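Engineer: The file below is final29.txt, compact mmCIF, C-alpha atoms:
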```txt
# COMPACT_ATOMS: atom_id res chain seq x y z
CA MET A 181 -40.21 2.05 23.83
CA SER A 182 -43.07 2.48 21.38
CA GLN A 183 -44.16 -0.07 18.83
CA ASN A 184 -43.45 2.57 16.14
CA ASN A 185 -39.82 1.69 16.62
CA THR A 186 -40.31 -1.83 15.31
CA ILE A 187 -40.71 -3.06 11.76
CA THR A 188 -43.43 -5.70 11.42
CA THR A 189 -44.41 -5.31 7.75
CA THR A 190 -42.76 -3.68 4.75
CA ASP A 191 -44.18 -2.23 1.58
CA PHE A 192 -41.13 -1.13 -0.36
CA ASN A 193 -41.05 -0.59 -4.09
CA PHE A 194 -37.44 -0.92 -5.20
CA PRO A 195 -36.20 -0.35 -8.77
CA GLY A 196 -36.42 -3.58 -10.79
CA GLN A 197 -38.67 -5.22 -8.19
CA LYS A 198 -40.42 -8.32 -9.58
CA SER A 199 -42.13 -9.82 -6.55
CA VAL A 200 -42.22 -10.00 -2.75
CA TYR A 201 -42.29 -13.17 -0.68
CA ARG A 202 -43.41 -12.84 2.96
CA GLY A 203 -42.16 -15.50 5.34
CA LYS A 204 -42.85 -15.81 9.06
CA VAL A 205 -40.30 -13.15 9.98
CA ARG A 206 -38.56 -12.17 6.74
CA GLU A 207 -39.74 -10.39 3.60
CA VAL A 208 -37.84 -11.10 0.41
CA TYR A 209 -37.80 -8.78 -2.60
CA ASN A 210 -36.82 -10.16 -6.01
CA ILE A 211 -34.82 -7.60 -8.01
CA ASN A 212 -34.67 -8.27 -11.78
CA ASP A 213 -34.59 -12.06 -11.18
CA GLU A 214 -30.93 -11.55 -10.18
CA LEU A 215 -30.81 -10.39 -6.57
CA LEU A 216 -32.84 -11.05 -3.44
CA ILE A 217 -33.19 -8.34 -0.82
CA MET A 218 -34.10 -9.98 2.47
CA VAL A 219 -35.51 -7.74 5.19
CA ALA A 220 -35.45 -9.22 8.70
CA THR A 221 -38.52 -7.79 10.44
CA ASP A 222 -39.14 -7.59 14.18
CA ARG A 223 -41.99 -10.11 13.95
CA LEU A 224 -41.95 -12.89 16.51
CA SER A 225 -43.19 -16.32 15.54
CA ALA A 226 -43.78 -19.27 17.86
CA PHE A 227 -45.62 -22.56 17.19
CA ASP A 228 -45.77 -21.36 13.54
CA VAL A 229 -47.94 -18.40 14.63
CA VAL A 230 -46.85 -14.77 14.22
CA MET A 231 -47.42 -12.73 17.39
CA PRO A 232 -49.36 -9.45 17.06
CA LYS A 233 -46.54 -7.16 18.25
CA GLY A 234 -42.95 -6.72 17.11
CA ILE A 235 -39.84 -7.04 19.30
CA PRO A 236 -37.45 -4.05 19.16
CA TYR A 237 -34.06 -4.90 17.54
CA LYS A 238 -35.03 -8.53 16.87
CA GLY A 239 -34.66 -8.23 13.08
CA GLN A 240 -31.28 -6.53 13.41
CA ILE A 241 -30.11 -9.24 15.83
CA LEU A 242 -31.17 -12.12 13.56
CA ASN A 243 -29.71 -10.47 10.45
CA GLN A 244 -26.37 -9.73 12.10
CA ILE A 245 -25.98 -13.19 13.66
CA ALA A 246 -26.82 -14.85 10.33
CA THR A 247 -24.38 -12.59 8.46
CA LYS A 248 -21.60 -13.31 10.94
CA PHE A 249 -22.11 -17.09 10.65
CA MET A 250 -22.36 -16.97 6.84
CA ARG A 251 -18.89 -15.35 6.88
CA LEU A 252 -17.56 -17.88 9.41
CA THR A 253 -18.75 -20.90 7.41
CA GLU A 254 -18.29 -19.84 3.78
CA ASP A 255 -15.03 -21.84 3.58
CA VAL A 256 -16.95 -25.10 4.27
CA VAL A 257 -20.28 -24.41 2.54
CA PRO A 258 -21.01 -21.75 -0.12
CA ASN A 259 -23.87 -19.35 0.67
CA TRP A 260 -26.15 -16.88 -1.08
CA LEU A 261 -24.96 -13.69 0.70
CA ILE A 262 -23.39 -10.76 -1.18
CA ASP A 263 -23.73 -7.78 1.19
CA THR A 264 -25.61 -6.22 4.13
CA PRO A 265 -26.43 -2.58 3.25
CA ASP A 266 -28.51 -2.09 6.42
CA PRO A 267 -28.54 -3.68 9.90
CA ASN A 268 -31.87 -5.41 9.02
CA VAL A 269 -31.09 -6.25 5.40
CA ALA A 270 -29.13 -8.94 3.55
CA VAL A 271 -28.66 -8.94 -0.23
CA GLY A 272 -27.82 -12.16 -2.02
CA HIS A 273 -28.05 -14.18 -5.20
CA LEU A 274 -31.48 -15.25 -6.41
CA CYS A 275 -31.90 -18.95 -5.61
CA GLU A 276 -34.59 -21.57 -6.10
CA PRO A 277 -35.13 -22.91 -2.54
CA PHE A 278 -35.33 -26.66 -1.91
CA LYS A 279 -38.73 -27.61 -0.51
CA VAL A 280 -37.27 -29.15 2.65
CA GLU A 281 -35.63 -27.72 5.74
CA MET A 282 -32.61 -29.66 6.97
CA VAL A 283 -32.93 -30.06 10.73
CA ILE A 284 -29.94 -31.55 12.57
CA ARG A 285 -29.97 -32.54 16.24
CA GLY A 286 -27.08 -33.34 18.56
CA TYR A 287 -29.32 -33.76 21.63
CA LEU A 288 -32.78 -35.07 22.53
CA SER A 289 -34.47 -31.67 22.99
CA GLY A 290 -37.55 -29.73 21.96
CA HIS A 291 -39.65 -31.49 19.31
CA SER A 292 -37.53 -34.67 19.38
CA ALA A 293 -37.86 -34.92 23.17
CA ARG A 294 -41.65 -34.47 22.96
CA GLU A 295 -41.89 -37.21 20.29
CA TYR A 296 -39.62 -39.52 22.32
CA ALA A 297 -41.67 -38.96 25.49
CA ALA A 298 -44.77 -39.92 23.48
CA GLY A 299 -43.15 -43.30 22.81
CA LYS A 300 -41.76 -42.73 19.31
CA ARG A 301 -38.43 -44.45 18.64
CA VAL A 302 -38.18 -43.55 14.95
CA LEU A 303 -38.00 -39.88 13.99
CA CYS A 304 -37.98 -38.99 10.27
CA GLY A 305 -36.81 -42.52 9.52
CA VAL A 306 -33.95 -42.34 12.07
CA GLU A 307 -33.98 -44.98 14.83
CA LEU A 308 -33.48 -43.61 18.33
CA VAL A 309 -31.79 -45.67 21.03
CA GLU A 310 -33.70 -46.67 24.17
CA GLY A 311 -33.06 -45.19 27.61
CA LEU A 312 -32.50 -41.54 26.68
CA LYS A 313 -33.77 -38.74 28.84
CA GLU A 314 -34.57 -35.22 27.75
CA ASN A 315 -31.49 -33.18 26.70
CA ASP A 316 -29.18 -36.23 26.57
CA LYS A 317 -26.60 -36.16 23.80
CA PHE A 318 -27.22 -38.50 20.86
CA PRO A 319 -24.42 -40.99 20.06
CA SER A 320 -23.96 -38.92 16.88
CA PRO A 321 -25.99 -36.03 15.38
CA ILE A 322 -29.18 -37.04 13.51
CA ILE A 323 -30.79 -35.34 10.52
CA THR A 324 -34.59 -34.97 10.81
CA PRO A 325 -35.85 -32.97 7.79
CA THR A 326 -39.20 -31.18 7.61
CA THR A 327 -41.28 -30.03 4.68
CA LYS A 328 -41.15 -26.29 4.06
CA ALA A 329 -44.56 -24.91 5.03
CA ASP A 330 -46.22 -21.82 3.57
CA PHE A 331 -47.01 -18.80 5.74
CA GLY A 332 -49.43 -19.82 8.51
CA GLU A 333 -48.97 -23.56 7.90
CA HIS A 334 -47.05 -26.05 10.04
CA ASP A 335 -43.80 -27.71 8.93
CA VAL A 336 -44.13 -31.50 8.90
CA ASP A 337 -41.50 -34.15 9.70
CA ILE A 338 -40.41 -36.18 6.68
CA SER A 339 -37.91 -39.01 6.18
CA ARG A 340 -35.05 -39.16 3.68
CA GLU A 341 -36.92 -42.08 2.02
CA ALA A 342 -40.09 -40.04 1.54
CA ILE A 343 -38.14 -37.05 0.18
CA LEU A 344 -36.47 -39.26 -2.46
CA THR A 345 -39.51 -41.44 -3.23
CA ASN A 346 -41.72 -38.39 -3.80
CA GLY A 347 -39.06 -36.67 -5.89
CA ILE A 348 -39.04 -33.60 -3.62
CA VAL A 349 -35.23 -33.50 -3.97
CA SER A 350 -33.09 -35.65 -6.31
CA GLU A 351 -30.80 -38.18 -4.64
CA GLU A 352 -27.71 -36.45 -6.02
CA ASP A 353 -28.75 -33.10 -4.54
CA TYR A 354 -29.97 -34.62 -1.28
CA LEU A 355 -26.56 -36.18 -0.59
CA VAL A 356 -25.04 -32.69 -0.96
CA LEU A 357 -27.65 -31.23 1.43
CA GLU A 358 -26.79 -33.89 4.03
CA LYS A 359 -23.06 -33.35 3.62
CA TYR A 360 -23.42 -29.55 3.93
CA THR A 361 -25.74 -29.91 6.94
CA ARG A 362 -23.21 -32.02 8.82
CA ALA A 363 -20.31 -29.70 7.90
CA LEU A 364 -22.20 -26.59 9.07
CA PHE A 365 -23.30 -28.25 12.31
CA GLN A 366 -19.72 -29.33 13.01
CA ARG A 367 -18.41 -25.77 12.47
CA GLY A 368 -21.30 -24.29 14.48
CA THR A 369 -20.57 -26.73 17.32
CA GLU A 370 -16.90 -25.64 17.39
CA ILE A 371 -17.79 -21.93 17.39
CA ALA A 372 -20.40 -22.45 20.14
CA ALA A 373 -17.88 -24.36 22.28
CA SER A 374 -15.45 -21.43 22.01
CA ARG A 375 -18.19 -19.23 23.53
CA GLY A 376 -18.99 -21.65 26.38
CA LEU A 377 -22.12 -22.88 24.58
CA ILE A 378 -23.47 -26.15 23.20
CA LEU A 379 -25.20 -26.05 19.79
CA VAL A 380 -28.07 -28.44 20.53
CA ASP A 381 -30.02 -28.45 17.27
CA THR A 382 -30.55 -26.18 14.30
CA LYS A 383 -32.12 -25.98 10.86
CA TYR A 384 -30.61 -24.99 7.53
CA GLU A 385 -32.24 -24.03 4.27
CA PHE A 386 -30.59 -24.45 0.90
CA GLY A 387 -31.26 -23.24 -2.62
CA LYS A 388 -29.83 -23.50 -6.11
CA THR A 389 -28.34 -20.52 -7.91
CA LYS A 390 -29.08 -19.90 -11.59
CA ASP A 391 -25.95 -21.83 -12.54
CA GLY A 392 -27.05 -24.86 -10.53
CA LYS A 393 -24.80 -24.41 -7.49
CA ILE A 394 -26.25 -25.52 -4.15
CA VAL A 395 -25.84 -22.81 -1.51
CA LEU A 396 -26.94 -22.08 2.06
CA ILE A 397 -29.74 -19.47 2.14
CA ASP A 398 -31.84 -17.66 4.77
CA GLU A 399 -30.50 -17.66 8.34
CA ILE A 400 -27.90 -19.72 10.19
CA HIS A 401 -27.23 -20.38 13.90
CA THR A 402 -29.63 -17.67 15.13
CA PRO A 403 -31.73 -18.11 18.31
CA ASP A 404 -34.79 -18.47 16.04
CA SER A 405 -33.35 -21.37 14.05
CA SER A 406 -31.14 -22.97 16.71
CA ARG A 407 -31.10 -24.04 20.31
CA TYR A 408 -28.08 -23.48 22.53
CA PHE A 409 -27.29 -24.68 26.05
CA TYR A 410 -24.73 -23.17 28.40
CA ALA A 411 -21.90 -25.74 28.51
CA GLU A 412 -20.92 -25.00 32.10
CA GLY A 413 -22.92 -27.26 34.43
CA TYR A 414 -24.60 -29.12 31.54
CA GLN A 415 -23.58 -32.60 32.75
CA GLN A 416 -24.35 -31.80 36.38
CA ARG A 417 -27.85 -30.62 35.46
CA GLN A 418 -28.41 -33.80 33.40
CA ASN A 419 -27.24 -36.00 36.27
CA ASN A 420 -29.56 -34.20 38.70
CA GLY A 421 -32.54 -34.28 36.30
CA GLU A 422 -32.65 -30.47 36.18
CA THR A 423 -33.72 -28.39 33.19
CA GLN A 424 -30.89 -27.02 31.05
CA LYS A 425 -30.02 -23.33 30.89
CA GLN A 426 -30.65 -22.46 27.28
CA LEU A 427 -30.24 -19.70 24.77
CA SER A 428 -33.05 -19.83 22.22
CA LYS A 429 -36.55 -18.49 21.85
CA GLU A 430 -37.73 -21.45 23.96
CA PHE A 431 -38.41 -18.91 26.77
CA VAL A 432 -41.14 -17.37 24.56
CA ARG A 433 -42.65 -20.82 23.86
CA GLN A 434 -42.64 -21.62 27.59
CA TRP A 435 -44.34 -18.31 28.41
CA LEU A 436 -47.02 -19.02 25.78
CA ILE A 437 -47.55 -22.59 27.07
CA ALA A 438 -47.91 -21.20 30.61
CA ASN A 439 -50.56 -18.85 29.19
CA ASP A 440 -52.47 -21.73 27.52
CA PHE A 441 -51.27 -21.14 23.97
CA GLN A 442 -49.61 -23.67 21.66
CA GLY A 443 -50.94 -22.51 18.30
CA LYS A 444 -53.84 -24.96 18.39
CA GLU A 445 -57.30 -24.40 16.96
CA GLY A 446 -59.44 -22.09 19.09
CA GLN A 447 -56.59 -20.90 21.35
CA GLN A 448 -56.16 -17.16 21.90
CA ILE A 449 -52.72 -15.53 21.73
CA PRO A 450 -52.14 -14.08 25.23
CA GLU A 451 -51.74 -10.30 25.62
CA MET A 452 -48.09 -9.23 25.41
CA THR A 453 -47.65 -6.09 27.52
CA ASP A 454 -45.01 -3.47 26.64
CA GLU A 455 -43.10 -4.58 29.75
CA TYR A 456 -43.06 -8.20 28.56
CA ILE A 457 -41.98 -7.14 25.06
CA GLU A 458 -39.15 -5.13 26.60
CA THR A 459 -37.93 -8.25 28.45
CA VAL A 460 -38.09 -10.31 25.22
CA SER A 461 -36.01 -7.62 23.45
CA GLU A 462 -33.46 -7.72 26.28
CA ARG A 463 -33.28 -11.52 26.08
CA TYR A 464 -32.60 -11.35 22.34
CA ILE A 465 -29.76 -8.87 22.97
CA GLU A 466 -28.36 -11.24 25.61
CA LEU A 467 -28.60 -14.10 23.09
CA TYR A 468 -26.71 -12.03 20.51
CA GLU A 469 -23.92 -11.10 22.91
CA ASN A 470 -23.46 -14.69 24.09
CA ILE A 471 -23.60 -16.27 20.63
CA ILE A 472 -21.42 -13.69 18.88
CA GLY A 473 -19.14 -12.94 21.84
CA GLU A 474 -19.29 -9.16 21.46
CA LYS A 475 -21.46 -6.25 22.59
CA PHE A 476 -24.60 -5.52 20.57
CA GLY A 477 -24.67 -2.10 18.88
CA LYS A 478 -28.25 -0.82 18.63
CA ALA A 479 -29.09 0.73 15.25
CA ASP A 480 -31.03 4.00 15.09
CA ILE A 481 -34.70 2.96 15.11
CA THR A 482 -36.37 6.38 15.16
CA ASN A 483 -37.62 5.73 11.62
CA ILE A 484 -36.67 2.23 10.69
CA HIS A 485 -38.64 2.04 7.38
CA GLU A 486 -37.01 5.22 6.05
CA ARG A 487 -33.56 4.07 7.13
CA ILE A 488 -33.91 0.69 5.36
CA GLU A 489 -35.31 2.25 2.17
CA LYS A 490 -32.51 4.83 2.01
CA ASN A 491 -29.75 2.24 2.56
CA VAL A 492 -31.15 -0.25 0.05
CA LEU A 493 -31.67 2.41 -2.65
CA ALA A 494 -28.10 3.67 -2.14
CA TYR A 495 -26.86 0.07 -2.52
CA LEU A 496 -28.91 -0.60 -5.69
CA ASN A 497 -27.77 2.66 -7.25
CA LYS A 498 -24.11 1.79 -6.72
```
Starting from the file, give its structure as structure tokens.
Structural biologist:
Amino acid sequence: MSQNNTITTTDFNFPGQKSVYRGKVREVYNINDELLIMVATDRLSAFDVVMPKGIPYKGQILNQIATKFMRLTEDVVPNWLIDTPDPNVAVGHLCEPFKVEMVIRGYLSGHSAREYAAGKRVLCGVELVEGLKENDKFPSPIITPTTKADFGEHDVDISREAILTNGIVSEEDYLVLEKYTRALFQRGTEIAASRGLILVDTKYEFGKTKDGKIVLIDEIHTPDSSRYFYAEGYQQRQNNGETQKQLSKEFVRQWLIANDFQGKEGQQIPEMTDEYIETVSERYIELYENIIGEKFGKADITNIHERIEKNVLAYLNK
């Protein structure tokens, strides 16, 4: 499959377009300060670094998982989404994003496990109990926020205290963010359990609409923003000190680490062959099918830019 069949950058000019924001994997078009058109590209980011080649269908997969979970959680937390005129595109209300990402963890995994192994017992102001081993379940889920980094920068852990002291978010709003984070994680945990999965940790982003309503924005419960374990055999693997079987982009991080790359100064991104990219694409499809519980329908990617432009213009002209 050729790289022409992926979308890694966009350069659309839609009617009423005011500005474009380019994130690590999404590009967001502001239409008349009313709507946001979010295009999920096929870019792959790991260790806050964007890889040079795109992954076929990745944008479609992320967009469709996020859309599905927005619909499945809108009764507990309001969100920004209005419609999805294209497999890679979401359209929603213009929001002013909060400058923090709300990370919630049910288990000692990933970043929290690395910090714990380094001897830290306080993470983002939250005290961690002694005697945990990697991938153990926390007594109850913990919220470990990060600052929202610009493109190419690293997100940084921050405590609730620091967020409030520095006036990054008002206390009134922050209490809502915490409440919504817990409610979404609870719902996500229930949905994951029904698919034989454990929702290990995830991050949520929130914004405020023009009328001051706090809503969920961006993505939710995708393999890029969340970590899942297979529930079957979880306890047995923990007891035996084995690694957990997981559904997330951790497999990409592990491959990069094995090839001496962790996004640090002076490190070279290893060469991703077409064969390797094909396997990453297949893994993302497997993630989709396990998380959503249905078969993935591949969109026509013969000319993905044209397809997106046509669908978005038809939507805007409605």
Engineer: Please return as a PyMOL selection string every residue within 12 Å of (-42.5, -7.8, 29.0), taking into account all atoms listed in the file and the file's own coordinates.
Structural biologist: chain A and resi 181+233-236+432+435+451-463
Engineer: If we draw a sphere of 12 Å around (-37.1, 3.5, 10.8), which residues have at least one atom in it when counting only C-alpha atoms? Please report them as a compact mmCIF listing (two decimals) with C-alpha atoms, keeping the file's coordinate frame.
Structural biologist:
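The file below, part-v9.txt, is the result:
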```
# COMPACT_ATOMS: atom_id res chain seq x y z
CA GLN A 183 -44.16 -0.07 18.83
CA ASN A 184 -43.45 2.57 16.14
CA ASN A 185 -39.82 1.69 16.62
CA THR A 186 -40.31 -1.83 15.31
CA ILE A 187 -40.71 -3.06 11.76
CA THR A 188 -43.43 -5.70 11.42
CA THR A 189 -44.41 -5.31 7.75
CA THR A 190 -42.76 -3.68 4.75
CA THR A 221 -38.52 -7.79 10.44
CA ASP A 222 -39.14 -7.59 14.18
CA PRO A 236 -37.45 -4.05 19.16
CA TYR A 237 -34.06 -4.90 17.54
CA GLN A 240 -31.28 -6.53 13.41
CA ASP A 266 -28.51 -2.09 6.42
CA PRO A 267 -28.54 -3.68 9.90
CA ASN A 268 -31.87 -5.41 9.02
CA ALA A 479 -29.09 0.73 15.25
CA ASP A 480 -31.03 4.00 15.09
CA ILE A 481 -34.70 2.96 15.11
CA THR A 482 -36.37 6.38 15.16
CA ASN A 483 -37.62 5.73 11.62
CA ILE A 484 -36.67 2.23 10.69
CA HIS A 485 -38.64 2.04 7.38
CA GLU A 486 -37.01 5.22 6.05
CA ARG A 487 -33.56 4.07 7.13
CA ILE A 488 -33.91 0.69 5.36
CA GLU A 489 -35.31 2.25 2.17
CA LYS A 490 -32.51 4.83 2.01
CA ASN A 491 -29.75 2.24 2.56
```
Engineer: As an exercise, work out the distance from atom CA of Lys328 of chain A to atom CA of Leu242 of chain A in Å and give it to one decimal place.
Structural biologist: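 We find that atom CA of Lys328 of chain A and atom CA of Leu242 of chain A lie 19.8 Å from each other.
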Engineer: Please enclose the listed atoms of segment 219-226 of chain A in an axis-aligned box, pad each side by 5 Å, and write out the centre and the three edge lengths in Å, rounded to one decimal, as JSON.
Structural biologist:
```
{"center_x": -39.6, "center_y": -13.4, "center_z": 11.5, "size_x": 18.3, "size_y": 21.7, "size_z": 22.7}
```
Engineer: For segment 192-261 of chain A versus segment 356-376 of chain A, which residues have an atom no more than 8 Å away, and what is each residue's nearest atom pair and distance in Å rounded to one decimal, using all atoms listed in the file, chain-then-number order, as JSON lines?
Structural biologist:
```
{"residue": "A:Thr253", "atom": "CA", "partner": "A:Leu364", "partner_atom": "CA", "distance": 6.9}
{"residue": "A:Val256", "atom": "CA", "partner": "A:Ala363", "partner_atom": "CA", "distance": 6.8}
{"residue": "A:Val257", "atom": "CA", "partner": "A:Tyr360", "partner_atom": "CA", "distance": 6.2}
```
Engineer: Choose the residue, out of A:Cys304, A:Leu379, A:Val395, A:Leu355, that has the smallest atom-to-atom separation from Val336 of chain A; count only C-alpha atoms.
Structural biologist: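 Distance minimum relative to Val336 of chain A lands on A:Cys304.
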Engineer: When you draw a straight line from atom CA of Leu493 of chain A to atom CA of Arg206 of chain A, how long is it in Å?
Structural biologist: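 Answer for the atom CA of Leu493 of chain A to atom CA of Arg206 of chain A separation: 18.7 Å.
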Engineer: Choose the residue, out of A:Thr264, A:Met282, A:Tyr296, A:Leu308, that has the smallest atom-to-atom separation from Thr326 of chain A; count all atoms listed in the file.
Structural biologist: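 Comparing A:Thr264, A:Met282, A:Tyr296, A:Leu308 against Thr326 of chain A, the winner is A:Met282.
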Engineer: Residues near Arg433 of chain A, anyone? I mean within 10 Å using all atoms listed in the file, not counting same-chain ones fewer than 6 positions away, as a list in words.
Structural biologist: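 Here the qualifying residues turn out to be Ser225, Ala226, Phe227, Asn439, Phe441 and Gln442 of chain A.
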Engineer: Can you measure atom CA of Tyr287 of chain A to atom CA of Asn315 of chain A for me? One decimal in Å is fine.
Structural biologist: 5.5 Å
Engineer: Using all atoms listed in the file, which residue out of A:Asn210, A:Asn420, A:Gln447, A:Ser428 lies closest to Glu466 of chain A?
Structural biologist: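 Closest to Glu466 of chain A of all the choices is A:Ser428.
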Engineer: Gly286 of chain A: which residues within 7 Å, counting all atoms listed in the file, same-chain residues fewer than 3 positions away excluded, as number ranges by chain?
Structural biologist: A: 317-318, 320-322, 380-381
Engineer: Which residues are close to Tyr414 of chain A, i.e. within 9 Å by all atoms listed in the file, leaving aside same-chain residues fewer than 4 positions away? Reply as number ranges by chain.
Structural biologist: A: 378, 409-410, 418-419, 424-425
Engineer: For Ile338 of chain A, work out the shell of residues within 12 Å, counting only C-alpha atoms and skipping chain neighbours fewer than 5 positions away, then give it as a list in words.
Structural biologist: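 Using only C-alpha atoms, the neighbours found are Lys279, Val280, Glu281, Met282, Val283, Val302, Leu303, Cys304, Gly305, Val306, Ile323, Thr324, Pro325, Thr326, Thr327, Lys328, Ile343, Leu344, Thr345, Asn346 and Ile348 of chain A.
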Engineer: So, with all atoms listed in the file as the atoms that count, which of A:Ile394, A:Ile471, A:Ile241, A:Val492 lies closest to Pro277 of chain A?
Structural biologist: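 When distances to Pro277 of chain A are compared using all atoms listed in the file, the smallest one comes from A:Ile394.
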Engineer: Counting all atoms listed in the file, figure out which residue out of A:Ser406, A:Phe431, A:Leu288, A:Leu496 gets nearest to Val309 of chain A.
Structural biologist: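 Among the listed residues, the smallest separation from Val309 of chain A belongs to A:Leu288.
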Engineer: If we count only C-alpha atoms and set the cut-off at 12 Å, which residues sit around Ile245 of chain A, ignoring sequence neighbours fewer than 3 positions away in its own chain? Please answer as a PyMOL selection string.
Structural biologist: chain A and resi 220+238-242+248-252+264+267-270+398-406+464-465+467-474+476
Engineer: Smallest atom-to-atom distance to Gly421 of chain A: which of A:Pro232, A:Tyr408, A:Glu314, A:Tyr201, using only C-alpha atoms?
Structural biologist: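 Looking only at the distances to Gly421 of chain A, the closest residue turns out to be A:Glu314.
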Engineer: Keeping just N, CA, C and O atoms, export segment 455-468 of chain A of this structure as a PDB file, in the first residue's frame.
Structural biologist:
```pdb
ATOM      1  N   GLU A 455       6.699  -2.612   5.216  1.00  0.00           N
ATOM      2  CA  GLU A 455       6.188  -3.833   5.873  1.00  0.00           C
ATOM      3  C   GLU A 455       5.820  -3.529   7.327  1.00  0.00           C
ATOM      4  O   GLU A 455       4.764  -3.947   7.809  1.00  0.00           O
ATOM      5  N   TYR A 456       6.702  -2.774   8.005  1.00  0.00           N
ATOM      6  CA  TYR A 456       6.411  -2.449   9.412  1.00  0.00           C
ATOM      7  C   TYR A 456       5.163  -1.571   9.503  1.00  0.00           C
ATOM      8  O   TYR A 456       4.302  -1.787  10.351  1.00  0.00           O
ATOM      9  N   ILE A 457       5.051  -0.597   8.601  1.00  0.00           N
ATOM     10  CA  ILE A 457       3.884   0.298   8.604  1.00  0.00           C
ATOM     11  C   ILE A 457       2.591  -0.497   8.391  1.00  0.00           C
ATOM     12  O   ILE A 457       1.578  -0.249   9.028  1.00  0.00           O
ATOM     13  N   GLU A 458       2.666  -1.470   7.508  1.00  0.00           N
ATOM     14  CA  GLU A 458       1.520  -2.357   7.250  1.00  0.00           C
ATOM     15  C   GLU A 458       1.098  -3.075   8.543  1.00  0.00           C
ATOM     16  O   GLU A 458      -0.088  -3.166   8.856  1.00  0.00           O
ATOM     17  N   THR A 459       2.090  -3.546   9.317  1.00  0.00           N
ATOM     18  CA  THR A 459       1.746  -4.257  10.560  1.00  0.00           C
ATOM     19  C   THR A 459       1.139  -3.289  11.586  1.00  0.00           C
ATOM     20  O   THR A 459       0.237  -3.661  12.321  1.00  0.00           O
ATOM     21  N   VAL A 460       1.625  -2.028  11.604  1.00  0.00           N
ATOM     22  CA  VAL A 460       1.057  -1.041  12.532  1.00  0.00           C
ATOM     23  C   VAL A 460      -0.406  -0.774  12.155  1.00  0.00           C
ATOM     24  O   VAL A 460      -1.288  -0.715  13.001  1.00  0.00           O
ATOM     25  N   SER A 461      -0.664  -0.640  10.841  1.00  0.00           N
ATOM     26  CA  SER A 461      -2.028  -0.411  10.352  1.00  0.00           C
ATOM     27  C   SER A 461      -2.940  -1.573  10.772  1.00  0.00           C
ATOM     28  O   SER A 461      -4.052  -1.365  11.263  1.00  0.00           O
ATOM     29  N   GLU A 462      -2.430  -2.787  10.613  1.00  0.00           N
ATOM     30  CA  GLU A 462      -3.221  -3.976  10.994  1.00  0.00           C
ATOM     31  C   GLU A 462      -3.501  -3.993  12.493  1.00  0.00           C
ATOM     32  O   GLU A 462      -4.594  -4.366  12.933  1.00  0.00           O
ATOM     33  N   ARG A 463      -2.509  -3.589  13.291  1.00  0.00           N
ATOM     34  CA  ARG A 463      -2.708  -3.536  14.747  1.00  0.00           C
ATOM     35  C   ARG A 463      -3.795  -2.516  15.115  1.00  0.00           C
ATOM     36  O   ARG A 463      -4.598  -2.754  16.006  1.00  0.00           O
ATOM     37  N   TYR A 464      -3.772  -1.366  14.438  1.00  0.00           N
ATOM     38  CA  TYR A 464      -4.796  -0.349  14.718  1.00  0.00           C
ATOM     39  C   TYR A 464      -6.201  -0.864  14.367  1.00  0.00           C
ATOM     40  O   TYR A 464      -7.167  -0.593  15.081  1.00  0.00           O
ATOM     41  N   ILE A 465      -6.298  -1.627  13.281  1.00  0.00           N
ATOM     42  CA  ILE A 465      -7.605  -2.205  12.911  1.00  0.00           C
ATOM     43  C   ILE A 465      -8.046  -3.207  13.978  1.00  0.00           C
ATOM     44  O   ILE A 465      -9.209  -3.233  14.391  1.00  0.00           O
ATOM     45  N   GLU A 466      -7.091  -4.006  14.458  1.00  0.00           N
ATOM     46  CA  GLU A 466      -7.388  -4.971  15.533  1.00  0.00           C
ATOM     47  C   GLU A 466      -7.854  -4.228  16.796  1.00  0.00           C
ATOM     48  O   GLU A 466      -8.819  -4.639  17.462  1.00  0.00           O
ATOM     49  N   LEU A 467      -7.176  -3.118  17.113  1.00  0.00           N
ATOM     50  CA  LEU A 467      -7.573  -2.307  18.270  1.00  0.00           C
ATOM     51  C   LEU A 467      -9.011  -1.834  18.108  1.00  0.00           C
ATOM     52  O   LEU A 467      -9.831  -1.944  19.015  1.00  0.00           O
ATOM     53  N   TYR A 468      -9.319  -1.309  16.923  1.00  0.00           N
ATOM     54  CA  TYR A 468     -10.672  -0.804  16.645  1.00  0.00           C
ATOM     55  C   TYR A 468     -11.707  -1.906  16.894  1.00  0.00           C
ATOM     56  O   TYR A 468     -12.702  -1.701  17.590  1.00  0.00           O
TER      57      TYR A 468
END
```
